[in-house]
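Structure file work-v9.csv; described as CSV, C-alpha atoms.
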chain,number,residue,atom,x,y,z
F,205,MET,CA,137.4,16.3,-131.4
F,206,ASP,CA,134.8,17.6,-133.9
F,207,ILE,CA,134.0,21.1,-132.6
F,208,LYS,CA,131.5,21.8,-135.4
F,209,LYS,CA,128.9,19.7,-133.6
F,210,PHE,CA,128.9,22.3,-130.7
F,211,ILE,CA,127.6,25.0,-133.1
F,212,ARG,CA,123.8,25.4,-132.9
F,213,ASP,CA,121.6,26.8,-135.7
F,214,ILE,CA,119.1,29.4,-134.6
F,215,PRO,CA,116.6,30.1,-137.3
F,216,ASP,CA,115.3,33.7,-137.9
F,217,PHE,CA,117.9,35.4,-135.7
F,218,PRO,CA,118.6,38.3,-135.6
F,219,LYS,CA,115.9,38.6,-138.2
F,220,LYS,CA,113.6,36.5,-140.4
F,221,GLY,CA,115.4,34.3,-142.9
F,222,ILE,CA,118.8,34.4,-141.2
F,223,ILE,CA,120.1,31.2,-139.7
F,224,PHE,CA,122.4,32.3,-136.9
F,225,LYS,CA,125.4,30.1,-135.9
F,226,ASP,CA,125.2,30.1,-132.1
F,227,ILE,CA,128.7,29.3,-130.5
F,228,THR,CA,127.5,29.4,-126.9
F,229,PRO,CA,127.2,25.5,-126.7
F,230,LEU,CA,130.9,25.3,-127.7
F,231,LEU,CA,132.0,28.0,-125.3
F,232,LYS,CA,130.3,26.4,-122.2
F,233,ASP,CA,131.8,23.0,-122.9
F,234,LYS,CA,135.3,23.1,-121.3
F,235,LYS,CA,136.8,20.6,-123.7
F,236,ALA,CA,135.3,22.0,-126.9
F,237,PHE,CA,136.2,25.6,-125.8
F,238,LYS,CA,139.8,24.6,-125.2
F,239,GLU,CA,140.0,22.6,-128.4
F,240,ALA,CA,138.7,25.6,-130.4
F,241,ILE,CA,141.2,28.0,-128.9
F,242,ASP,CA,144.0,25.5,-129.4
F,243,GLN,CA,143.1,24.9,-133.0
F,244,LEU,CA,142.9,28.7,-133.7
F,245,CYS,CA,146.3,29.2,-132.2
F,246,ASP,CA,147.7,26.3,-134.2
F,247,GLU,CA,146.5,27.8,-137.5
F,248,VAL,CA,148.4,31.0,-136.9
F,249,LYS,CA,151.6,29.4,-135.6
F,250,ASP,CA,153.6,30.5,-138.6
F,251,LEU,CA,152.5,34.1,-138.5
F,252,ASP,CA,154.6,36.8,-137.0
F,253,PHE,CA,152.5,39.2,-134.8
F,254,ASP,CA,152.7,41.2,-131.6
F,255,LEU,CA,149.0,42.0,-130.9
F,256,ILE,CA,145.6,40.4,-131.4
F,257,ILE,CA,142.7,42.7,-132.1
F,258,ALA,CA,139.0,41.6,-132.0
F,259,PRO,CA,135.7,43.4,-132.3
F,260,GLU,CA,133.1,43.3,-129.5
F,261,ALA,CA,131.5,41.3,-128.2
F,262,ARG,CA,132.0,37.7,-129.3
F,263,GLY,CA,135.3,38.4,-130.9
F,264,PHE,CA,136.6,39.3,-127.4
F,265,ILE,CA,135.9,35.8,-126.2
F,266,LEU,CA,138.1,34.1,-128.8
F,267,GLY,CA,140.7,36.9,-129.2
F,268,SER,CA,141.4,37.2,-125.6
F,269,ALA,CA,141.9,33.5,-124.9
F,270,MET,CA,144.2,33.3,-127.9
F,271,ALA,CA,146.2,36.3,-126.8
F,272,TYR,CA,146.6,34.7,-123.4
F,273,LYS,CA,147.7,31.4,-124.7
F,274,LEU,CA,150.2,32.9,-127.3
F,275,GLY,CA,151.6,35.6,-124.9
F,276,LYS,CA,150.4,38.5,-127.0
F,277,GLY,CA,148.7,41.8,-126.1
F,278,PHE,CA,145.0,42.2,-126.8
F,279,VAL,CA,143.3,45.2,-128.4
F,280,PRO,CA,139.5,45.6,-128.3
F,281,VAL,CA,137.7,47.2,-131.2
F,282,ARG,CA,134.3,48.6,-130.2
F,283,LYS,CA,131.1,50.3,-131.2
F,284,PRO,CA,130.8,54.1,-131.1
F,285,GLY,CA,130.9,55.7,-127.6
F,286,LYS,CA,132.3,52.6,-125.8
F,287,LEU,CA,136.1,53.3,-125.8
F,288,PRO,CA,137.0,56.0,-123.3
F,289,TYR,CA,140.1,57.5,-125.0
F,290,LYS,CA,140.6,59.1,-128.4
F,291,THR,CA,139.7,56.8,-131.3
F,292,ALA,CA,140.1,56.3,-135.0
F,293,TYR,CA,137.1,54.7,-136.7
F,294,GLU,CA,135.8,53.0,-139.8
F,295,GLU,CA,132.3,53.0,-141.2
F,296,PHE,CA,131.3,49.6,-142.5
F,297,GLN,CA,128.6,47.4,-144.0
F,298,LEU,CA,127.2,44.8,-141.7
F,299,GLU,CA,125.4,41.7,-143.0
F,300,TYR,CA,122.3,43.3,-141.5
F,301,GLY,CA,122.9,47.1,-141.9
F,302,THR,CA,125.7,49.6,-141.3
F,303,ASP,CA,127.8,50.6,-138.3
F,304,GLN,CA,131.1,52.1,-137.1
F,305,LEU,CA,134.0,50.4,-135.4
F,306,HIS,CA,136.4,52.3,-133.2
F,307,ILE,CA,139.9,51.7,-132.0
F,308,HIS,CA,142.0,53.7,-129.5
F,309,ILE,CA,144.5,55.8,-131.5
F,310,ASP,CA,147.3,54.5,-129.3
F,311,ALA,CA,146.3,50.9,-129.4
F,312,VAL,CA,149.0,49.8,-131.8
F,313,GLU,CA,152.7,51.0,-132.0
F,314,LYS,CA,153.9,52.0,-135.4
F,315,GLY,CA,155.0,49.0,-137.4
F,316,GLN,CA,153.5,46.4,-135.0
F,317,ASN,CA,152.1,43.3,-136.6
F,318,VAL,CA,148.5,42.5,-135.7
F,319,LEU,CA,146.4,39.4,-136.0
F,320,ILE,CA,142.6,40.0,-136.5
F,321,VAL,CA,140.3,37.5,-134.7
F,322,ASP,CA,136.5,37.2,-134.9
F,323,ASP,CA,133.9,34.5,-134.4
F,324,VAL,CA,132.3,34.6,-137.8
F,325,LEU,CA,133.5,35.6,-141.3
F,326,ALA,CA,130.3,36.5,-143.2
F,327,THR,CA,130.4,39.1,-146.0
F,328,GLY,CA,133.8,40.3,-144.9
F,329,GLY,CA,132.7,43.9,-144.2
F,330,THR,CA,133.7,43.8,-140.6
F,331,ALA,CA,137.0,42.1,-141.4
F,332,LYS,CA,137.8,44.7,-144.0
F,333,ALA,CA,137.0,47.5,-141.6
F,334,LEU,CA,139.2,45.9,-138.9
F,335,ALA,CA,142.1,45.7,-141.4
F,336,ASN,CA,141.6,49.4,-142.3
F,337,LEU,CA,141.6,50.3,-138.6
F,338,VAL,CA,144.9,48.5,-138.0
F,339,LYS,CA,146.5,50.5,-140.8
F,340,LYS,CA,144.9,53.8,-139.7
F,341,VAL,CA,146.7,53.5,-136.3
F,342,GLY,CA,150.0,52.5,-137.8
F,343,GLY,CA,150.0,48.7,-137.7
F,344,ASN,CA,150.4,45.9,-140.2
F,345,VAL,CA,147.9,43.2,-140.7
F,346,ALA,CA,149.6,39.8,-140.2
F,347,GLY,CA,146.4,37.9,-141.0
F,348,MET,CA,142.9,37.2,-140.0
F,349,ILE,CA,141.4,34.1,-138.4
F,350,PHE,CA,137.8,33.1,-137.7
F,351,LEU,CA,136.1,30.3,-135.9
F,352,ILE,CA,133.3,30.1,-138.6
F,353,GLU,CA,133.3,31.1,-142.2
F,354,LEU,CA,130.1,31.4,-144.2
F,355,SER,CA,131.8,30.5,-147.5
F,356,PHE,CA,128.7,31.1,-149.6
F,357,LEU,CA,128.9,34.9,-148.8
F,358,ASN,CA,132.3,35.1,-150.6
F,359,ALA,CA,134.1,37.3,-148.1
F,360,ARG,CA,137.5,36.2,-149.5
F,361,GLU,CA,136.9,38.3,-152.7
F,362,LYS,CA,137.0,41.4,-150.5
F,363,LEU,CA,140.1,40.1,-148.5
F,364,GLN,CA,142.4,39.0,-151.3
F,365,ASN,CA,145.3,41.1,-149.9
F,366,TYR,CA,145.3,39.3,-146.6
F,367,TRP,CA,146.1,35.9,-145.1
F,368,VAL,CA,142.7,34.5,-144.1
F,369,GLU,CA,141.8,31.3,-142.3
F,370,SER,CA,138.9,29.7,-140.5
F,371,LEU,CA,138.2,26.5,-138.6
F,372,ILE,CA,134.6,25.7,-139.6
F,373,LYS,CA,133.2,26.3,-143.0
F,374,TYR,CA,129.5,26.4,-144.1
M,1445,MET,CA,154.9,43.2,-111.6
M,1446,ASP,CA,152.7,46.1,-110.6
M,1447,ILE,CA,149.7,45.9,-112.9
M,1448,LYS,CA,148.0,48.9,-111.4
M,1449,LYS,CA,150.3,51.3,-113.3
M,1450,PHE,CA,148.8,50.0,-116.6
M,1451,ILE,CA,145.3,51.3,-115.6
M,1452,ARG,CA,144.6,54.8,-117.1
M,1453,ASP,CA,142.3,57.4,-115.6
M,1454,ILE,CA,139.9,59.0,-118.1
M,1455,PRO,CA,138.1,62.0,-116.6
M,1456,ASP,CA,134.4,62.7,-117.5
M,1457,PHE,CA,133.8,59.3,-119.2
M,1458,PRO,CA,131.1,58.1,-119.8
M,1459,LYS,CA,129.8,61.3,-118.3
M,1460,LYS,CA,130.9,64.5,-116.5
M,1461,GLY,CA,132.3,63.8,-113.0
M,1462,ILE,CA,133.0,60.2,-113.5
M,1463,ILE,CA,136.7,59.1,-113.6
M,1464,PHE,CA,136.8,56.0,-115.8
M,1465,LYS,CA,139.4,53.3,-115.2
M,1466,ASP,CA,140.6,52.4,-118.6
M,1467,ILE,CA,142.1,48.9,-118.8
M,1468,THR,CA,143.1,49.0,-122.4
M,1469,PRO,CA,146.8,49.9,-121.7
M,1470,LEU,CA,147.0,46.8,-119.5
M,1471,LEU,CA,145.3,44.5,-122.2
M,1472,LYS,CA,147.7,45.6,-125.0
M,1473,ASP,CA,150.8,45.0,-122.9
M,1474,LYS,CA,151.5,41.3,-123.3
M,1475,LYS,CA,153.3,40.9,-120.0
M,1476,ALA,CA,150.8,43.0,-118.0
M,1477,PHE,CA,147.8,41.1,-119.6
M,1478,LYS,CA,149.4,37.7,-118.8
M,1479,GLU,CA,150.2,38.8,-115.3
M,1480,ALA,CA,146.6,40.1,-114.7
M,1481,ILE,CA,145.0,36.8,-115.9
M,1482,ASP,CA,147.5,34.7,-113.9
M,1483,GLN,CA,146.8,36.8,-110.7
M,1484,LEU,CA,143.1,36.5,-111.2
M,1485,CYS,CA,143.4,32.7,-111.6
M,1486,ASP,CA,145.6,32.4,-108.6
M,1487,GLU,CA,143.1,34.2,-106.4
M,1488,VAL,CA,140.4,31.7,-107.2
M,1489,LYS,CA,142.6,28.6,-107.0
M,1490,ASP,CA,140.8,27.3,-103.8
M,1491,LEU,CA,137.3,27.7,-105.2
M,1492,ASP,CA,135.4,24.7,-106.8
M,1493,PHE,CA,133.6,25.7,-110.0
M,1494,ASP,CA,132.8,24.3,-113.4
M,1495,LEU,CA,132.0,27.4,-115.4
M,1496,ILE,CA,133.0,31.1,-115.7
M,1497,ILE,CA,130.3,33.6,-116.5
M,1498,ALA,CA,131.0,37.2,-117.5
M,1499,PRO,CA,129.0,40.1,-118.8
M,1500,GLU,CA,129.6,41.8,-122.1
M,1501,ALA,CA,131.8,43.3,-123.2
M,1502,ARG,CA,134.9,43.9,-121.1
M,1503,GLY,CA,134.0,41.0,-118.8
M,1504,PHE,CA,134.4,38.7,-121.8
M,1505,ILE,CA,138.0,39.6,-122.2
M,1506,LEU,CA,139.0,38.6,-118.6
M,1507,GLY,CA,136.5,35.8,-118.2
M,1508,SER,CA,137.4,34.0,-121.4
M,1509,ALA,CA,141.2,34.0,-120.9
M,1510,MET,CA,140.7,32.8,-117.3
M,1511,ALA,CA,138.3,30.0,-118.5
M,1512,TYR,CA,141.0,28.9,-121.1
M,1513,LYS,CA,143.8,28.9,-118.5
M,1514,LEU,CA,141.8,27.0,-115.9
M,1515,GLY,CA,140.1,24.6,-118.3
M,1516,LYS,CA,136.6,25.7,-117.6
M,1517,GLY,CA,133.6,26.4,-119.8
M,1518,PHE,CA,132.7,30.1,-120.5
M,1519,VAL,CA,129.1,31.5,-120.4
M,1520,PRO,CA,128.5,35.0,-121.9
M,1521,VAL,CA,125.9,37.3,-120.2
M,1522,ARG,CA,124.5,39.9,-122.6
M,1523,LYS,CA,122.4,42.9,-123.1
M,1524,PRO,CA,118.8,42.4,-124.3
M,1525,GLY,CA,118.4,41.1,-127.9
M,1526,LYS,CA,122.0,39.8,-128.2
M,1527,LEU,CA,121.7,36.2,-127.3
M,1528,PRO,CA,120.0,34.1,-130.0
M,1529,TYR,CA,118.4,31.3,-127.9
M,1530,LYS,CA,115.8,31.5,-125.1
M,1531,THR,CA,117.0,33.6,-122.1
M,1532,ALA,CA,116.4,34.4,-118.5
M,1533,TYR,CA,117.0,37.9,-117.4
M,1534,GLU,CA,117.5,40.3,-114.5
M,1535,GLU,CA,116.7,44.0,-114.4
M,1536,PHE,CA,119.4,45.9,-112.6
M,1537,GLN,CA,120.8,49.3,-111.5
M,1538,LEU,CA,123.9,50.5,-113.3
M,1539,GLU,CA,126.3,53.1,-111.9
M,1540,TYR,CA,125.0,55.3,-114.7
M,1541,GLY,CA,121.3,54.1,-115.2
M,1542,THR,CA,119.3,50.9,-115.5
M,1543,ASP,CA,119.6,47.9,-117.8
M,1544,GLN,CA,118.8,44.2,-118.3
M,1545,LEU,CA,121.2,41.3,-118.4
M,1546,HIS,CA,120.3,38.1,-120.2
M,1547,ILE,CA,121.6,34.5,-120.0
M,1548,HIS,CA,120.7,31.5,-122.1
M,1549,ILE,CA,118.3,29.3,-120.1
M,1550,ASP,CA,120.5,26.2,-120.9
M,1551,ALA,CA,123.8,27.9,-120.1
M,1552,VAL,CA,124.3,26.2,-116.7
M,1553,GLU,CA,123.5,22.6,-115.8
M,1554,LYS,CA,121.5,22.1,-112.6
M,1555,GLY,CA,123.9,22.2,-109.6
M,1556,GLN,CA,126.9,23.5,-111.5
M,1557,ASN,CA,129.2,25.9,-109.6
M,1558,VAL,CA,129.8,29.1,-111.4
M,1559,LEU,CA,132.5,31.8,-111.0
M,1560,ILE,CA,131.5,35.4,-111.9
M,1561,VAL,CA,134.2,37.5,-113.5
M,1562,ASP,CA,134.1,41.2,-114.5
M,1563,ASP,CA,136.6,44.0,-115.0
M,1564,VAL,CA,135.2,46.5,-112.4
M,1565,LEU,CA,133.2,46.1,-109.2
M,1566,ALA,CA,131.5,49.5,-108.7
M,1567,THR,CA,128.1,49.7,-106.9
M,1568,GLY,CA,127.6,45.9,-107.1
M,1569,GLY,CA,124.4,46.2,-109.1
M,1570,THR,CA,125.7,44.2,-112.0
M,1571,ALA,CA,127.4,41.6,-109.8
M,1572,LYS,CA,124.2,41.1,-107.8
M,1573,ALA,CA,122.2,40.7,-111.1
M,1574,LEU,CA,124.8,38.1,-112.3
M,1575,ALA,CA,124.5,36.1,-109.1
M,1576,ASN,CA,120.7,36.1,-109.5
M,1577,LEU,CA,120.9,35.0,-113.1
M,1578,VAL,CA,123.1,32.1,-112.1
M,1579,LYS,CA,120.6,31.0,-109.5
M,1580,LYS,CA,117.6,31.5,-111.9
M,1581,VAL,CA,119.1,29.0,-114.4
M,1582,GLY,CA,119.9,26.4,-111.7
M,1583,GLY,CA,123.5,27.1,-110.8
M,1584,ASN,CA,125.4,27.9,-107.6
M,1585,VAL,CA,127.6,31.0,-107.2
M,1586,ALA,CA,131.1,29.8,-106.2
M,1587,GLY,CA,132.4,33.4,-106.0
M,1588,MET,CA,133.1,36.6,-107.8
M,1589,ILE,CA,136.3,38.1,-108.9
M,1590,PHE,CA,137.1,41.5,-110.4
M,1591,LEU,CA,140.2,43.2,-111.8
M,1592,ILE,CA,139.3,46.5,-110.2
M,1593,GLU,CA,137.2,47.4,-107.1
M,1594,LEU,CA,136.0,50.9,-106.5
M,1595,SER,CA,135.9,50.3,-102.7
M,1596,PHE,CA,134.3,53.7,-101.9
M,1597,LEU,CA,131.1,52.6,-103.6
M,1598,ASN,CA,130.6,49.8,-100.9
M,1599,ALA,CA,129.5,47.1,-103.3
M,1600,ARG,CA,130.4,44.4,-100.7
M,1601,GLU,CA,127.4,45.5,-98.5
M,1602,LYS,CA,125.2,44.2,-101.3
M,1603,LEU,CA,127.3,41.0,-101.8
M,1604,GLN,CA,127.7,39.8,-98.2
M,1605,ASN,CA,126.5,36.3,-99.1
M,1606,TYR,CA,129.2,35.8,-101.6
M,1607,TRP,CA,132.9,35.2,-101.8
M,1608,VAL,CA,134.2,38.4,-103.4
M,1609,GLU,CA,137.8,39.3,-104.4
M,1610,SER,CA,139.6,41.9,-106.6
M,1611,LEU,CA,143.1,42.6,-107.6
M,1612,ILE,CA,143.3,46.4,-107.7
M,1613,LYS,CA,141.4,48.6,-105.1
M,1614,TYR,CA,140.7,52.3,-105.3
Turn the structure described in the file into structure tokens.
Amino acid sequence: MDIKKFIRDIPDFPKKGIIFKDITPLLKDKKAFKEAIDQLCDEVKDLDFDLIIAPEARGFILGSAMAYKLGKGFVPVRKPGKLPYKTAYEEFQLEYGTDQLHIHIDAVEKGQNVLIVDDVLATGGTAKALANLVKKVGGNVAGMIFLIELSFLNAREKLQNYWVESLIKY
Amino acid sequence: MDIKKFIRDIPDFPKKGIIFKDITPLLKDKKAFKEAIDQLCDEVKDLDFDLIIAPEARGFILGSAMAYKLGKGFVPVRKPGKLPYKTAYEEFQLEYGTDQLHIHIDAVEKGQNVLIVDDVLATGGTAKALANLVKKVGGNVAGMIFLIELSFLNAREKLQNYWVESLIKY
């Protein structure tokens, strides 16, 4: 099944000149959604990890379903002010500005291996921040997997120390 | 397995006087997370539905894993400005203020049955808005399920026309 055809281009979102890759047609199609999660899980089958972390909000959709299928715990990474307990955070560069990502300080046990999941790998700024967060709270980064990779933005240059994979490349 | 013991009370979040029910200890425990999703799916086993919708961001975590397990499509409902395509929206009362929830206008096919999923049923304002959104875009509400219900807030008075269930009641 070709899941790429379920990704919709939305021009000028979130701002003029950006072509946004909309995954909602894939999510709402039960076969395409299942296939995407199964393919993501298949890609990481040789990695050793205990937890999946994903950033809000679209990352939650893929990371949680993968965690369920693979029998792993799930750790949400969130924008400032959203997590209720004490957090560690990273400042990072977004494709469209800057922001912070927070993680609960007790989200990962010392030495646990963590898989990072998100919908889109763009410039790699978010991915790099996620990896730093994992290390800040005592974990090891087992790898990173993305549904979509915008290869022309060269994120892999920033992520050379990590195992990185994606299902759909533009 | 008693999943309730994985829910943590955080006093004065997001503001003074509120005791926030933190589900992150449950999510990060692989057995508790699996058990919670399995129990949620078991509760809805007699309902007939095609899609699961859930609001950002914690709703995504439960709704997506349930959709994967049950072989259903998943539809995200989001805050203003987050969904890239044309949306329908509902204005609603939060426990701590007011907000809007948006859904893509093509998220549901006419006559499809939809299950609403969220982490917490508090006053029922969000749940009612979700039900109205489903109807606005042509769907039928098959029911609503929540991990946690704050029974003392009497949400069910607002939701008498719907099938409503929850796993953990306070």
Checklist entry - Hey, what's within 8 Å of M:Met1588 if we count all atoms listed in the file and toss same-chain stuff fewer than 5 positions away? As a list in words, please? => result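 Everything that qualifies: Leu1559, Ile1560, Val1561, Ala1571, Tyr1606, Trp1607, Val1608 and Glu1609 of chain M.
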Can I have chain F aligned to chain M? Use a least-squares fit on all Cα atoms paired in order and write it out as a compact mmCIF listing (two decimals) with C-alpha atoms, in the frame of the given file.
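Contents of the output file result.txt:
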# COMPACT_ATOMS: atom_id res chain seq x y z
CA MET F 205 154.96 43.26 -111.64
CA ASP F 206 152.70 46.16 -110.55
CA ILE F 207 149.74 45.91 -112.94
CA LYS F 208 147.96 48.91 -111.38
CA LYS F 209 150.27 51.26 -113.26
CA PHE F 210 148.73 49.98 -116.61
CA ILE F 211 145.30 51.37 -115.58
CA ARG F 212 144.64 54.83 -117.07
CA ASP F 213 142.23 57.41 -115.61
CA ILE F 214 139.89 58.99 -118.11
CA PRO F 215 138.14 61.96 -116.64
CA ASP F 216 134.43 62.69 -117.50
CA PHE F 217 133.77 59.32 -119.14
CA PRO F 218 131.13 58.10 -119.80
CA LYS F 219 129.77 61.30 -118.38
CA LYS F 220 130.84 64.46 -116.53
CA GLY F 221 132.29 63.85 -113.09
CA ILE F 222 133.05 60.16 -113.58
CA ILE F 223 136.67 59.11 -113.66
CA PHE F 224 136.73 55.97 -115.77
CA LYS F 225 139.40 53.27 -115.13
CA ASP F 226 140.58 52.42 -118.64
CA ILE F 227 142.17 48.83 -118.77
CA THR F 228 143.11 48.96 -122.45
CA PRO F 229 146.82 49.90 -121.65
CA LEU F 230 147.04 46.72 -119.52
CA LEU F 231 145.35 44.53 -122.09
CA LYS F 232 147.69 45.58 -125.01
CA ASP F 233 150.81 44.98 -122.96
CA LYS F 234 151.55 41.22 -123.34
CA LYS F 235 153.29 40.92 -120.00
CA ALA F 236 150.81 42.96 -117.95
CA PHE F 237 147.85 41.14 -119.65
CA LYS F 238 149.31 37.77 -118.78
CA GLU F 239 150.21 38.82 -115.26
CA ALA F 240 146.62 40.04 -114.68
CA ILE F 241 145.06 36.83 -115.91
CA ASP F 242 147.52 34.78 -113.88
CA GLN F 243 146.86 36.73 -110.73
CA LEU F 244 143.04 36.41 -111.20
CA CYS F 245 143.35 32.70 -111.62
CA ASP F 246 145.59 32.46 -108.57
CA GLU F 247 143.02 34.22 -106.36
CA VAL F 248 140.36 31.67 -107.18
CA LYS F 249 142.58 28.59 -106.91
CA ASP F 250 140.77 27.32 -103.86
CA LEU F 251 137.31 27.67 -105.28
CA ASP F 252 135.43 24.77 -106.72
CA PHE F 253 133.66 25.71 -110.04
CA ASP F 254 132.81 24.28 -113.43
CA LEU F 255 131.93 27.43 -115.45
CA ILE F 256 132.97 31.07 -115.64
CA ILE F 257 130.31 33.58 -116.55
CA ALA F 258 131.04 37.25 -117.51
CA PRO F 259 128.94 40.11 -118.78
CA GLU F 260 129.68 41.82 -122.12
CA ALA F 261 131.83 43.34 -123.26
CA ARG F 262 134.93 43.84 -121.11
CA GLY F 263 134.06 41.03 -118.81
CA PHE F 264 134.44 38.68 -121.82
CA ILE F 265 138.06 39.66 -122.17
CA LEU F 266 139.05 38.60 -118.65
CA GLY F 267 136.52 35.74 -118.23
CA SER F 268 137.44 34.04 -121.36
CA ALA F 269 141.20 34.06 -120.82
CA MET F 270 140.65 32.75 -117.32
CA ALA F 271 138.35 30.01 -118.50
CA TYR F 272 140.98 28.99 -121.03
CA LYS F 273 143.78 28.92 -118.59
CA LEU F 274 141.77 26.99 -115.85
CA GLY F 275 140.12 24.52 -118.33
CA LYS F 276 136.60 25.69 -117.59
CA GLY F 277 133.62 26.44 -119.85
CA PHE F 278 132.67 30.05 -120.50
CA VAL F 279 129.18 31.54 -120.40
CA PRO F 280 128.48 35.03 -121.81
CA VAL F 281 125.88 37.22 -120.18
CA ARG F 282 124.57 39.90 -122.55
CA LYS F 283 122.35 42.88 -123.12
CA PRO F 284 118.76 42.44 -124.35
CA GLY F 285 118.37 41.09 -127.93
CA LYS F 286 122.00 39.85 -128.28
CA LEU F 287 121.69 36.13 -127.26
CA PRO F 288 120.02 34.10 -129.99
CA TYR F 289 118.35 31.36 -127.87
CA LYS F 290 115.81 31.53 -125.07
CA THR F 291 116.98 33.59 -122.09
CA ALA F 292 116.31 34.32 -118.46
CA TYR F 293 117.01 37.91 -117.43
CA GLU F 294 117.51 40.30 -114.56
CA GLU F 295 116.74 43.99 -114.40
CA PHE F 296 119.45 45.92 -112.60
CA GLN F 297 120.80 49.28 -111.50
CA LEU F 298 123.85 50.45 -113.32
CA GLU F 299 126.20 53.08 -111.86
CA TYR F 300 124.88 55.30 -114.64
CA GLY F 301 121.22 54.14 -115.13
CA THR F 302 119.31 50.87 -115.47
CA ASP F 303 119.51 47.89 -117.80
CA GLN F 304 118.78 44.17 -118.26
CA LEU F 305 121.19 41.28 -118.42
CA HIS F 306 120.32 38.06 -120.17
CA ILE F 307 121.59 34.54 -119.99
CA HIS F 308 120.68 31.50 -122.14
CA ILE F 309 118.30 29.30 -120.11
CA ASP F 310 120.48 26.30 -120.87
CA ALA F 311 123.76 27.93 -120.11
CA VAL F 312 124.29 26.24 -116.77
CA GLU F 313 123.43 22.58 -115.75
CA LYS F 314 121.52 22.20 -112.55
CA GLY F 315 123.82 22.26 -109.57
CA GLN F 316 126.90 23.50 -111.51
CA ASN F 317 129.19 25.83 -109.65
CA VAL F 318 129.89 29.13 -111.39
CA LEU F 319 132.53 31.76 -110.93
CA ILE F 320 131.45 35.38 -111.85
CA VAL F 321 134.17 37.52 -113.53
CA ASP F 322 134.04 41.21 -114.47
CA ASP F 323 136.51 44.03 -115.00
CA VAL F 324 135.19 46.45 -112.45
CA LEU F 325 133.25 46.09 -109.17
CA ALA F 326 131.50 49.47 -108.70
CA THR F 327 128.17 49.66 -106.84
CA GLY F 328 127.70 45.93 -107.09
CA GLY F 329 124.42 46.11 -109.06
CA THR F 330 125.75 44.20 -111.98
CA ALA F 331 127.40 41.62 -109.75
CA LYS F 332 124.20 41.09 -107.84
CA ALA F 333 122.24 40.68 -111.04
CA LEU F 334 124.81 38.15 -112.36
CA ALA F 335 124.48 36.14 -109.12
CA ASN F 336 120.65 36.17 -109.47
CA LEU F 337 120.97 35.00 -113.08
CA VAL F 338 123.17 32.05 -112.08
CA LYS F 339 120.54 30.94 -109.58
CA LYS F 340 117.63 31.54 -111.99
CA VAL F 341 119.15 28.96 -114.43
CA GLY F 342 119.93 26.44 -111.74
CA GLY F 343 123.55 27.12 -110.80
CA ASN F 344 125.43 27.94 -107.63
CA VAL F 345 127.59 30.93 -107.23
CA ALA F 346 131.12 29.82 -106.21
CA GLY F 347 132.36 33.41 -105.98
CA MET F 348 133.02 36.57 -107.81
CA ILE F 349 136.31 38.12 -108.89
CA PHE F 350 137.14 41.51 -110.39
CA LEU F 351 140.20 43.14 -111.79
CA ILE F 352 139.27 46.55 -110.17
CA GLU F 353 137.19 47.36 -107.18
CA LEU F 354 135.98 50.87 -106.46
CA SER F 355 135.94 50.33 -102.68
CA PHE F 356 134.42 53.72 -101.92
CA LEU F 357 131.11 52.61 -103.62
CA ASN F 358 130.66 49.86 -100.96
CA ALA F 359 129.54 47.07 -103.26
CA ARG F 360 130.45 44.45 -100.62
CA GLU F 361 127.40 45.50 -98.47
CA LYS F 362 125.18 44.24 -101.29
CA LEU F 363 127.33 41.00 -101.77
CA GLN F 364 127.69 39.80 -98.20
CA ASN F 365 126.42 36.29 -99.12
CA TYR F 366 129.17 35.72 -101.63
CA TRP F 367 132.92 35.18 -101.81
CA VAL F 368 134.25 38.38 -103.41
CA GLU F 369 137.76 39.32 -104.45
CA SER F 370 139.57 41.86 -106.57
CA LEU F 371 143.13 42.59 -107.64
CA ILE F 372 143.23 46.41 -107.65
CA LYS F 373 141.46 48.55 -105.17
CA TYR F 374 140.67 52.33 -105.37
Next on the checklist: Just the number, please: distance in Å from atom CA of F:Val324 to atom CA of F:Gln304, one decimal.
Outcome noted: 17.6 Å
Next on the checklist: Just the number, please: distance in Å from atom CA of M:Ala1573 to atom CA of M:Lys1613, one decimal.
Outcome noted: 21.6 Å
Item to check | M:Val1585, M:Glu1534, M:Ile1592, M:Ile1447 ranked by distance to M:Tyr1614, top pick (using only C-alpha atoms) | outcome: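 Selected residue with least distance to M:Tyr1614: M:Ile1592.
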Item to check | Which residue of M:Ala1532, M:Val1581, M:Asp1492, M:Ile1612 approaches M:Lys1449 most closely, using all atoms listed in the file | outcome: M:Ile1612
Item to check | Interatomic distance, atom CA of M:Ala1586 to atom CA of F:Met205 (Å, one decimal) | outcome: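 About the pair atom CA of M:Ala1586 and atom CA of F:Met205: they are 29.3 Å apart.
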Item to check | Contacts of M:Asp1543 at 9 Å (only C-alpha atoms; same-chain gap of 6+ positions) as a PyMOL selection string | outcome: chain M and resi 1523-1524+1534-1537
Item to check | Polymer residues at most 6 Å from stretch 1566-1568 of chain M, only C-alpha atoms, same-chain spacing of 6 or more positions, as a list in words | outcome: Leu1594, Leu1597 and Ala1599 of chain M
Item to check | Nearest to M:Gly1555 by atom-to-atom distance, counting only C-alpha atoms, from M:Asn1584, M:Ser1610, M:Ser1595, M:Asn1605 | outcome: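 For M:Gly1555, the nearest of the candidates is M:Asn1584.
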